[in-house]
$ cat entry10.txt   # compact mmCIF, C-alpha atoms and all ligand atoms
# COMPACT_ATOMS: atom_id res chain seq x y z
CA MET A 86 3.79 -2.76 -43.97
CA ASP A 87 1.66 -5.76 -44.84
CA ILE A 88 -1.82 -4.51 -45.78
CA GLN A 89 -4.68 -6.99 -45.57
CA ARG A 90 -8.14 -6.71 -47.16
CA ASP A 91 -11.55 -7.19 -45.49
CA VAL A 92 -10.34 -7.94 -41.98
CA SER A 93 -12.77 -8.71 -39.15
CA LEU A 94 -12.24 -6.41 -36.16
CA LYS A 95 -14.21 -8.62 -33.75
CA GLY A 96 -11.15 -9.70 -31.79
CA LEU A 97 -9.66 -6.19 -31.88
CA ASN A 98 -12.33 -4.27 -29.95
CA THR A 99 -13.34 -5.07 -26.38
CA PHE A 100 -17.06 -4.70 -27.23
CA GLY A 101 -16.52 -7.72 -29.54
CA ILE A 102 -18.43 -6.09 -32.40
CA ASP A 103 -18.03 -7.93 -35.68
CA ALA A 104 -17.26 -5.03 -38.00
CA LYS A 105 -14.91 -5.29 -40.98
CA ALA A 106 -12.08 -3.03 -42.10
CA SER A 107 -11.68 -2.73 -45.88
CA TYR A 108 -7.92 -2.43 -45.31
CA PHE A 109 -5.90 -3.27 -42.23
CA GLY A 110 -2.23 -2.90 -41.31
CA GLU A 111 0.04 -2.64 -38.28
CA PHE A 112 2.86 -0.13 -37.92
CA HIS A 113 5.87 -0.75 -35.70
CA SER A 114 7.81 2.47 -36.20
CA VAL A 115 7.33 6.12 -37.10
CA ALA A 116 9.10 5.53 -40.42
CA GLU A 117 6.71 2.72 -41.34
CA LEU A 118 3.77 4.98 -40.53
CA GLN A 119 5.18 7.88 -42.55
CA ASN A 120 5.74 5.58 -45.55
CA LEU A 121 2.13 4.53 -45.47
CA ILE A 122 0.88 8.11 -45.17
CA SER A 123 2.89 9.14 -48.23
CA ASN A 124 1.87 6.06 -50.26
CA PRO A 125 -0.48 7.31 -53.05
CA ASP A 126 -2.45 4.02 -52.93
CA PHE A 127 -3.68 4.84 -49.43
CA LYS A 128 -3.64 8.65 -49.38
CA SER A 129 -7.33 9.11 -50.13
CA LEU A 130 -8.55 6.41 -47.73
CA GLU A 131 -10.21 7.31 -44.43
CA LYS A 132 -7.86 6.23 -41.63
CA LEU A 133 -8.59 4.94 -38.15
CA ILE A 134 -5.87 4.42 -35.56
CA LEU A 135 -6.46 1.43 -33.35
CA GLY A 136 -4.87 0.76 -29.98
CA GLY A 137 -6.43 -1.89 -27.77
CA GLY A 138 -9.95 -1.15 -29.06
CA SER A 139 -11.22 -0.61 -25.50
CA ASN A 140 -12.85 2.75 -26.08
CA LEU A 141 -14.50 2.20 -29.45
CA LEU A 142 -17.91 1.17 -30.71
CA PHE A 143 -18.09 0.13 -34.37
CA THR A 144 -21.58 0.77 -35.73
CA ARG A 145 -20.57 -0.01 -39.33
CA ASP A 146 -17.88 -1.64 -41.41
CA PHE A 147 -14.94 0.70 -41.78
CA GLU A 148 -14.53 1.47 -45.49
CA GLY A 149 -11.04 2.93 -45.10
CA ILE A 150 -7.84 1.63 -43.54
CA VAL A 151 -7.50 0.64 -39.89
CA LEU A 152 -3.93 1.11 -38.66
CA ARG A 153 -3.00 -0.71 -35.48
CA ASN A 154 -0.32 0.98 -33.43
CA ARG A 155 2.48 -1.41 -32.44
CA ILE A 156 5.26 1.08 -31.66
CA LEU A 157 6.95 -0.37 -28.58
CA GLY A 158 9.71 0.65 -26.19
CA LYS A 159 10.05 1.97 -22.64
CA GLU A 160 12.96 4.20 -21.72
CA ILE A 161 14.05 6.26 -18.73
CA LEU A 162 15.21 9.47 -20.39
CA GLU A 163 16.65 11.26 -17.36
CA GLN A 164 16.23 11.46 -13.63
CA ASN A 165 17.35 13.39 -10.61
CA GLU A 166 16.65 13.01 -6.88
CA ASP A 167 13.02 14.00 -7.27
CA PHE A 168 11.78 13.20 -10.77
CA ALA A 169 12.22 10.81 -13.66
CA TYR A 170 11.24 11.40 -17.27
CA VAL A 171 10.05 8.16 -18.83
CA ARG A 172 9.13 7.63 -22.46
CA ALA A 173 6.86 4.91 -23.82
CA GLY A 174 6.05 3.89 -27.36
CA ALA A 175 2.38 4.49 -28.11
CA GLY A 176 1.71 0.81 -28.79
CA GLU A 177 2.84 -0.30 -25.31
CA ILE A 178 0.10 -1.84 -23.16
CA TRP A 179 -0.88 0.81 -20.62
CA HIS A 180 -0.94 -1.44 -17.56
CA GLU A 181 2.45 -2.99 -18.40
CA PHE A 182 3.88 0.50 -18.62
CA VAL A 183 2.38 1.41 -15.22
CA LEU A 184 4.01 -1.71 -13.73
CA PHE A 185 7.36 -0.76 -15.32
CA CYS A 186 7.17 2.66 -13.62
CA ILE A 187 6.26 1.09 -10.27
CA GLU A 188 9.15 -1.42 -10.50
CA ASN A 189 11.51 1.50 -11.00
CA GLY A 190 10.07 3.37 -8.02
CA PHE A 191 8.47 6.14 -10.08
CA GLY A 192 5.11 7.31 -8.73
CA GLY A 193 2.16 9.05 -10.31
CA LEU A 194 0.42 6.41 -12.41
CA GLU A 195 -0.34 3.77 -9.74
CA ASN A 196 -4.00 4.85 -9.35
CA LEU A 197 -4.41 4.28 -13.10
CA SER A 198 -3.41 0.61 -12.87
CA LEU A 199 -5.29 -1.93 -14.98
CA ILE A 200 -7.02 0.54 -17.29
CA PRO A 201 -7.21 -1.38 -20.58
CA GLY A 202 -5.62 -0.13 -23.78
CA THR A 203 -2.40 1.40 -25.02
CA VAL A 204 -0.14 4.25 -23.93
CA GLY A 205 -0.87 6.16 -27.15
CA ALA A 206 -4.61 6.25 -26.55
CA ALA A 207 -4.27 7.37 -22.92
CA PRO A 208 -3.85 11.11 -23.68
CA MET A 209 -6.75 10.97 -26.17
CA GLN A 210 -9.27 11.14 -23.38
CA ASN A 211 -6.92 12.02 -20.50
CA ILE A 212 -7.65 8.67 -18.85
CA GLY A 213 -8.55 8.88 -15.22
CA ALA A 214 -9.47 6.75 -12.24
CA TYR A 215 -9.40 6.90 -8.45
CA GLY A 216 -8.79 10.63 -8.25
CA VAL A 217 -5.92 10.78 -10.77
CA GLU A 218 -5.69 11.66 -14.47
CA ILE A 219 -2.72 11.20 -16.79
CA LYS A 220 -2.45 14.96 -17.19
CA ASP A 221 -1.10 15.00 -13.60
CA SER A 222 2.08 13.15 -14.72
CA PHE A 223 2.17 14.08 -18.37
CA ALA A 224 5.23 15.85 -19.84
CA TYR A 225 4.78 15.79 -23.62
CA LEU A 226 3.95 13.56 -26.56
CA GLU A 227 4.99 13.17 -30.15
CA ALA A 228 2.48 12.70 -32.92
CA VAL A 229 2.55 12.31 -36.68
CA ASN A 230 0.34 14.57 -38.78
CA ILE A 231 -1.97 12.26 -40.72
CA ASN A 232 -1.92 14.56 -43.77
CA ASP A 233 1.78 15.23 -44.33
CA GLY A 234 3.57 12.73 -42.04
CA LYS A 235 5.42 15.46 -40.14
CA ILE A 236 6.22 14.91 -36.47
CA GLN A 237 4.90 17.43 -33.96
CA THR A 238 5.50 17.69 -30.20
CA PHE A 239 2.61 18.58 -27.89
CA ASP A 240 3.29 19.74 -24.33
CA LYS A 241 0.61 19.66 -21.64
CA ASP A 242 -0.88 23.04 -22.56
CA ALA A 243 -1.12 22.11 -26.24
CA CYS A 244 -3.09 18.97 -25.36
CA HIS A 245 -5.98 20.98 -23.80
CA PHE A 246 -6.70 18.22 -21.31
CA GLY A 247 -10.09 18.17 -19.65
CA TYR A 248 -12.37 15.58 -18.08
CA ARG A 249 -12.05 12.61 -20.51
CA GLU A 250 -11.07 15.14 -23.16
CA SER A 251 -8.10 16.44 -25.09
CA VAL A 252 -7.43 18.40 -28.24
CA PHE A 253 -7.14 15.04 -30.06
CA LYS A 254 -10.77 14.19 -29.33
CA LYS A 255 -11.99 17.68 -30.26
CA GLU A 256 -10.29 20.36 -32.40
CA LEU A 257 -7.65 17.98 -33.86
CA LYS A 258 -9.85 14.90 -34.04
CA GLY A 259 -8.47 12.41 -36.57
CA GLN A 260 -5.55 14.71 -37.48
CA PHE A 261 -2.67 13.23 -35.45
CA ILE A 262 -1.31 9.79 -34.67
CA ILE A 263 0.34 9.69 -31.26
CA THR A 264 3.61 7.78 -31.50
CA CYS A 265 5.14 8.17 -28.03
CA VAL A 266 4.34 9.76 -24.67
CA VAL A 267 6.76 11.10 -22.06
CA PHE A 268 5.77 11.22 -18.40
CA ARG A 269 7.30 13.19 -15.54
CA LEU A 270 7.09 10.85 -12.57
CA SER A 271 7.89 11.42 -8.96
CA LYS A 272 10.56 9.62 -6.95
CA LYS A 273 9.02 11.03 -3.77
CA PRO A 274 5.36 10.56 -4.62
CA ALA A 275 2.46 11.91 -2.62
CA PHE A 276 0.06 8.98 -2.28
CA ASN A 277 -3.53 9.45 -3.30
CA THR A 278 -5.73 7.05 -1.34
CA SER A 279 -8.69 9.28 -0.63
CA TYR A 280 -10.83 8.18 -3.55
CA GLY A 281 -13.17 5.19 -3.69
CA ALA A 282 -12.38 2.15 -1.60
CA ILE A 283 -8.57 2.33 -1.75
CA LYS A 284 -8.04 2.85 1.99
CA THR A 285 -10.43 0.10 3.09
CA THR A 286 -9.04 -2.27 0.45
CA LEU A 287 -5.48 -1.66 1.70
CA ASP A 288 -6.71 -2.54 5.21
CA GLU A 289 -8.55 -5.64 4.00
CA MET A 290 -5.46 -6.76 2.11
CA GLY A 291 -3.45 -6.37 5.33
CA ILE A 292 -1.10 -3.86 3.71
CA LYS A 293 0.57 -1.86 6.48
CA GLU A 294 3.24 0.04 4.55
CA LEU A 295 1.88 2.49 2.03
CA GLY A 296 3.68 2.65 -1.28
CA ILE A 297 3.01 2.89 -5.00
CA LYS A 298 3.03 -0.90 -5.40
CA ALA A 299 0.53 -1.32 -2.55
CA ILE A 300 -1.78 1.30 -4.07
CA SER A 301 -1.53 -0.35 -7.48
CA ASP A 302 -2.37 -3.75 -5.93
CA ALA A 303 -5.38 -2.27 -4.16
CA VAL A 304 -6.62 -0.53 -7.32
CA CYS A 305 -6.24 -3.78 -9.33
CA HIS A 306 -8.14 -5.66 -6.63
CA ILE A 307 -11.02 -3.16 -6.66
CA ARG A 308 -11.19 -3.02 -10.45
CA ARG A 309 -11.20 -6.83 -10.80
CA SER A 310 -14.05 -7.14 -8.31
CA LYS A 311 -16.12 -4.24 -9.69
CA LEU A 312 -15.74 -4.02 -13.43
CA PRO A 313 -16.87 -6.54 -16.03
CA ASN A 314 -13.93 -8.22 -17.73
CA PRO A 315 -14.14 -7.68 -21.52
CA ALA A 316 -12.64 -11.16 -22.01
CA GLU A 317 -15.85 -12.53 -20.47
CA ILE A 318 -18.45 -9.98 -21.58
CA GLY A 319 -18.01 -7.40 -24.33
CA ASN A 320 -17.88 -3.80 -23.09
CA ALA A 321 -15.86 -0.59 -23.30
CA GLY A 322 -15.98 0.51 -19.66
CA SER A 323 -18.05 3.61 -18.87
CA PHE A 324 -20.20 4.41 -21.87
CA PHE A 325 -21.15 7.92 -20.69
CA LYS A 326 -19.31 10.71 -18.95
CA ASN A 327 -20.54 11.95 -15.60
CA PRO A 328 -22.47 15.12 -16.51
CA GLU A 329 -21.41 18.43 -15.01
CA ILE A 330 -24.29 20.76 -14.22
CA PRO A 331 -24.71 24.15 -12.48
CA GLU A 332 -25.23 23.86 -8.73
CA ILE A 333 -28.49 25.83 -9.09
CA GLN A 334 -29.90 23.16 -11.40
CA TYR A 335 -28.71 20.47 -8.98
CA ASN A 336 -30.46 22.15 -6.03
CA ILE A 337 -33.75 22.24 -7.95
CA LEU A 338 -33.38 18.53 -8.83
CA LYS A 339 -32.58 17.73 -5.19
CA GLU A 340 -35.98 19.03 -4.11
CA LYS A 341 -37.65 16.34 -6.22
CA PHE A 342 -34.97 13.61 -6.11
CA THR A 343 -33.72 13.91 -2.54
CA GLU A 344 -31.13 11.13 -2.90
CA ILE A 345 -29.40 12.54 -6.00
CA PRO A 346 -25.62 12.39 -5.39
CA CYS A 347 -23.08 14.93 -6.59
CA TYR A 348 -19.54 16.11 -6.10
CA LYS A 349 -18.24 19.63 -6.52
CA THR A 350 -15.97 20.30 -9.48
CA SER A 351 -15.51 24.06 -9.73
CA PRO A 352 -17.26 27.04 -8.11
CA GLY A 353 -20.96 26.79 -8.91
CA MET A 354 -20.65 23.47 -10.77
CA VAL A 355 -21.19 19.86 -9.69
CA LYS A 356 -20.89 16.45 -11.31
CA VAL A 357 -23.66 13.89 -11.01
CA PRO A 358 -22.79 10.19 -11.44
CA ALA A 359 -24.26 9.06 -14.77
CA GLY A 360 -24.57 5.50 -13.41
CA TRP A 361 -26.98 6.73 -10.73
CA LEU A 362 -29.11 8.57 -13.31
CA ASN A 363 -29.27 5.46 -15.52
CA GLU A 364 -30.20 3.30 -12.56
CA GLN A 365 -33.02 5.66 -11.56
CA CYS A 366 -34.40 5.34 -15.08
CA GLY A 367 -34.55 1.57 -14.59
CA TRP A 368 -31.69 0.57 -16.88
CA LYS A 369 -29.41 -1.30 -14.50
CA GLY A 370 -29.33 -4.98 -15.49
CA LYS A 371 -31.73 -4.46 -18.40
CA VAL A 372 -31.29 -6.87 -21.33
CA VAL A 373 -32.34 -5.71 -24.79
CA GLY A 374 -31.81 -8.49 -27.33
CA GLN A 375 -28.09 -9.22 -27.45
CA THR A 376 -27.15 -6.03 -25.68
CA GLY A 377 -27.91 -4.50 -22.31
CA VAL A 378 -26.75 -2.62 -19.24
CA HIS A 379 -24.45 -4.45 -16.85
CA LYS A 380 -26.16 -5.84 -13.75
CA ASN A 381 -23.72 -4.20 -11.31
CA GLN A 382 -22.58 -1.16 -13.30
CA ALA A 383 -25.32 0.99 -14.81
CA LEU A 384 -22.67 3.00 -16.67
CA VAL A 385 -21.42 0.01 -18.63
CA LEU A 386 -23.23 -1.21 -21.75
CA VAL A 387 -22.50 -4.80 -22.74
CA ASN A 388 -22.58 -7.16 -25.68
CA TYR A 389 -23.92 -10.57 -24.69
CA GLY A 390 -22.32 -12.15 -27.75
CA ASN A 391 -23.75 -11.17 -31.09
CA ALA A 392 -24.95 -7.60 -30.69
CA THR A 393 -24.27 -5.20 -33.53
CA GLY A 394 -22.77 -1.80 -32.85
CA ALA A 395 -25.99 -0.23 -34.11
CA GLU A 396 -27.96 -2.10 -31.43
CA VAL A 397 -25.61 -0.89 -28.69
CA LYS A 398 -25.84 2.66 -30.04
CA LYS A 399 -29.65 2.49 -30.13
CA LEU A 400 -29.67 1.34 -26.50
CA SER A 401 -27.37 4.23 -25.56
CA GLU A 402 -29.72 6.68 -27.28
CA ASP A 403 -32.73 5.26 -25.44
CA ILE A 404 -30.85 5.69 -22.16
CA ARG A 405 -29.93 9.27 -23.03
CA HIS A 406 -33.55 10.12 -23.89
CA SER A 407 -34.90 8.69 -20.66
CA VAL A 408 -32.31 10.55 -18.54
CA LYS A 409 -33.08 13.77 -20.40
CA GLU A 410 -36.80 13.29 -19.88
CA LYS A 411 -36.62 12.44 -16.18
CA PHE A 412 -33.83 14.77 -15.03
CA GLY A 413 -33.40 17.30 -17.85
CA ILE A 414 -29.74 16.28 -18.02
CA GLU A 415 -27.97 15.62 -21.32
CA LEU A 416 -25.61 12.62 -21.14
CA GLU A 417 -22.45 12.77 -23.22
CA THR A 418 -20.87 9.64 -24.66
CA GLU A 419 -17.35 8.76 -23.49
CA VAL A 420 -16.83 5.91 -25.97
CA ASN A 421 -15.73 6.82 -29.52
CA ILE A 422 -18.50 5.84 -31.92
CA ILE A 423 -17.42 4.86 -35.42
C1 LIG B 1 -13.30 -2.60 -18.59
C2 LIG B 1 -12.87 -1.22 -18.98
C3 LIG B 1 -12.54 -0.30 -18.00
C4 LIG B 1 -12.12 0.99 -18.36
N1 LIG B 1 -11.81 1.86 -17.36
C5 LIG B 1 -11.40 3.11 -17.66
C6 LIG B 1 -11.05 4.04 -16.63
O1 LIG B 1 -11.07 3.72 -15.45
N2 LIG B 1 -10.68 5.29 -17.00
C7 LIG B 1 -10.61 5.68 -18.30
O2 LIG B 1 -10.25 6.83 -18.55
N3 LIG B 1 -10.92 4.82 -19.31
C8 LIG B 1 -11.31 3.55 -19.02
N4 LIG B 1 -11.64 2.68 -20.03
C9 LIG B 1 -11.59 3.14 -21.43
C10 LIG B 1 -10.27 2.76 -22.17
O3 LIG B 1 -9.59 1.75 -21.50
C11 LIG B 1 -9.33 3.96 -22.33
O4 LIG B 1 -9.99 5.01 -22.98
C12 LIG B 1 -8.06 3.61 -23.10
O5 LIG B 1 -7.16 4.68 -23.06
C13 LIG B 1 -8.33 3.24 -24.56
O6 LIG B 1 -7.14 2.72 -25.09
P1 LIG B 1 -7.13 1.86 -26.41
O7 LIG B 1 -5.70 1.65 -26.80
O8 LIG B 1 -7.93 0.62 -26.23
O9 LIG B 1 -7.82 2.84 -27.44
P2 LIG B 1 -8.77 2.49 -28.67
O10 LIG B 1 -10.08 2.04 -28.15
O11 LIG B 1 -8.07 1.60 -29.62
O12 LIG B 1 -8.93 3.93 -29.30
C14 LIG B 1 -9.67 4.93 -28.64
C15 LIG B 1 -9.63 6.22 -29.48
O13 LIG B 1 -8.31 6.71 -29.55
C16 LIG B 1 -7.83 6.74 -30.90
N5 LIG B 1 -6.43 6.31 -30.82
C17 LIG B 1 -5.95 5.17 -30.29
N6 LIG B 1 -4.61 5.17 -30.32
C18 LIG B 1 -4.24 6.33 -30.91
C19 LIG B 1 -2.98 6.92 -31.24
N7 LIG B 1 -1.82 6.29 -30.98
N8 LIG B 1 -2.97 8.13 -31.84
C20 LIG B 1 -4.13 8.77 -32.12
N9 LIG B 1 -5.34 8.27 -31.84
C21 LIG B 1 -5.39 7.07 -31.23
C22 LIG B 1 -8.73 5.77 -31.66
O14 LIG B 1 -8.79 6.09 -33.03
C23 LIG B 1 -10.05 5.98 -30.94
O15 LIG B 1 -10.67 7.15 -31.40
C24 LIG B 1 -12.05 1.37 -19.72
C25 LIG B 1 -12.37 0.43 -20.71
C26 LIG B 1 -12.76 -0.85 -20.35
C27 LIG B 1 -13.07 -1.85 -21.42
$ encode --input "entry10.txt" --output "structure tokens" --more "lines below"
Ligand SMILES: Cc1cc2nc3c(=O)[nH]c(=O)nc-3n(C[C@H](O)[C@H](O)[C@H](O)COP(=O)(O)OP(=O)(O)OC[C@H]3O[C@@H](n4cnc5c(N)ncnc54)[C@H](O)[C@@H]3O)c2cc1C
Amino acid sequence: MDIQRDVSLKGLNTFGIDAKASYFGEFHSVAELQNLISNPDFKSLEKLILGGGSNLLFTRDFEGIVLRNRILGKEILEQNEDFAYVRAGAGEIWHEFVLFCIENGFGGLENLSLIPGTVGAAPMQNIGAYGVEIKDSFAYLEAVNINDGKIQTFDKDACHFGYRESVFKKELKGQFIITCVVFRLSKKPAFNTSYGAIKTTLDEMGIKELGIKAISDAVCHIRRSKLPNPAEIGNAGSFFKNPEIPEIQYNILKEKFTEIPCYKTSPGMVKVPAGWLNEQCGWKGKVVGQTGVHKNQALVLVNYGNATGAEVKKLSEDIRHSVKEKFGIELETEVNII
């Protein structure tokens, strides 16, 4: 592996933050990764695994080694009448993998079309959109232990998937490098069009025959029209998670804030859209120096060009404080802050 010194990460994170990595390298295979882990020159360095950099905020230079995952490969492992098991290298681009599955007639990931990033990062936060999460089609993954280089397999239970959560973001944070993911996809998929504007978009697009390709096209269309493109304006998608609160607390809030939206999650619990809370606190479209809150998406913090990660983080803290003060609700960050 070719290791470089003092590398700018500006082009490698969708926020476009100009942080530096003291060391930087790319690995293309498990063996290459294991060699690096066992190399005494790098053993003591802090390590950060980088995919597409679309869920990261660098608030400082990274004094250790940034390792970019470039393990590629897509393979249909086995299939029967109903299901197909498909494996993808962790460095594959997520959306390209989704398209590969659709081309082969395998359903389950179409609602997750166009989410930026890599396959390997997808289980990290159990990516989700339009009523679907990857846990719904997940079979297992392989990961390398960052301390001893040994390969370990994690099935769905071992991943402890939750809302934008997994064991890799919590208990095992920084301990494993995901090298491949295997999905169990359906050859007779049940279509999920109930969420967001999928149905109306399918109508507007004149799509009469429902299928996984049609759903993917509709999702791409909605996402392109709704979400800021990181190629045009630096961002990492939703900065905060939608907070889950007890229904009792929600009912008390509703007396004062009659318009407050929610959706039920489990008995006695509801989720409140964080974007709505931010908007009510006056943040939507706000510009603070080189950073700000997107004009159409109050959940998305942006870099207008030269913001530092510390500035974006400060803005996020100000938003959290104001939401806490007005609604008594604690916002949790979805983006990984470094
Ligand atoms: C415009 C936009 C829209 C988005 N929409 C959505 C959405 O709808 N739903 C959603 O869930 N997310 C969304 N995201 C967030 C993001 O796309 C996902 O979280 C994605 O999975 C991140 O992939 P990545 O490769 O860019 O990860 P990175 O940002 O590179 O890494 C994210 C975290 O995972 C770790 N990591 C990365 N790869 C590995 C690996 N192989 N092994 C171990 N750890 C690893 C990193 O160290 C870091 O902690 C959006 C982001 C943007 C910019």
$ closest_residue --input "entry10.txt" --among "A:Val92, A:Tyr108, A:Phe268, A:Lys398" --to "Ile161 (chain A)" --atoms "only C-alpha atoms"
A:Phe268
$ axis_aligned_box --input "entry10.txt" --around "ligand LIG 1 (chain B)" --padding-each-side "3 Å" --output "AutoDock Vina command-line options"
--center_x -7.6 --center_y 3.1 --center_z -24.2 --size_x 17.5 --size_y 17.4 --size_z 23.6
$ atom_distance --input "entry10.txt" --atom1 "atom C24 of ligand LIG 1 (chain B)" --atom2 "CA of Gln334 (chain A)"
29.4 Å
$ closest_residue --input "entry10.txt" --among "A:Phe261, A:Tyr348, A:Tyr335, A:Phe127" --to "ligand LIG 1 (chain B)" --atoms "all atoms listed in the file"
A:Phe261
$ residues_around --input "entry10.txt" --residues "region 109-121 of chain A" --least-positions-apart "5" --cutoff "8 Å" --atoms "only C-alpha atoms" --output "PyMOL selection string"
chain A and resi 86-92+127+150-157+229+234-235+264
$ closest_residue --input "entry10.txt" --among "A:Asn165, A:Ser279, A:Thr144, A:Ser139" --to "ligand LIG 1 (chain B)" --atoms "only C-alpha atoms and all ligand atoms"
A:Ser139
$ closest_residue --input "entry10.txt" --among "A:Thr99, A:Thr418, A:Asn336, A:Asn381" --to "Met354 (chain A)" --atoms "all atoms listed in the file"
A:Asn336
$ closest_residue --input "entry10.txt" --among "A:Phe182, A:Phe168, A:Phe324, A:Tyr280" --to "ligand LIG 1 (chain B)" --atoms "all atoms listed in the file"
A:Phe324
$ residues_near_ligand --input "entry10.txt" --ligand "ligand LIG 1 (chain B)" --cutoff "7 Å" --atoms "only C-alpha atoms and all ligand atoms" --output "number ranges by chain"
A: 98-99, 133-141, 154, 175-176, 200-207, 209-214, 249, 261-264, 312-315, 320-323, 421
$ atom_distance --input "entry10.txt" --atom1 "CA of Ser251 (chain A)" --atom2 "CA of Pro208 (chain A)"
7.0 Å
$ atom_distance --input "entry10.txt" --atom1 "CA of Lys311 (chain A)" --atom2 "CA of Gln382 (chain A)"
8.0 Å
$ residues_around --input "entry10.txt" --residues "Val397 (chain A)" --least-positions-apart "4" --cutoff "12 Å" --atoms "all atoms listed in the file" --output "count of residues only"
34
$ closest_residue --input "entry10.txt" --among "A:Ile345, A:Ala316, A:Gln237, A:Ile187" --to "Gly96 (chain A)" --atoms "only C-alpha atoms"
A:Ala316
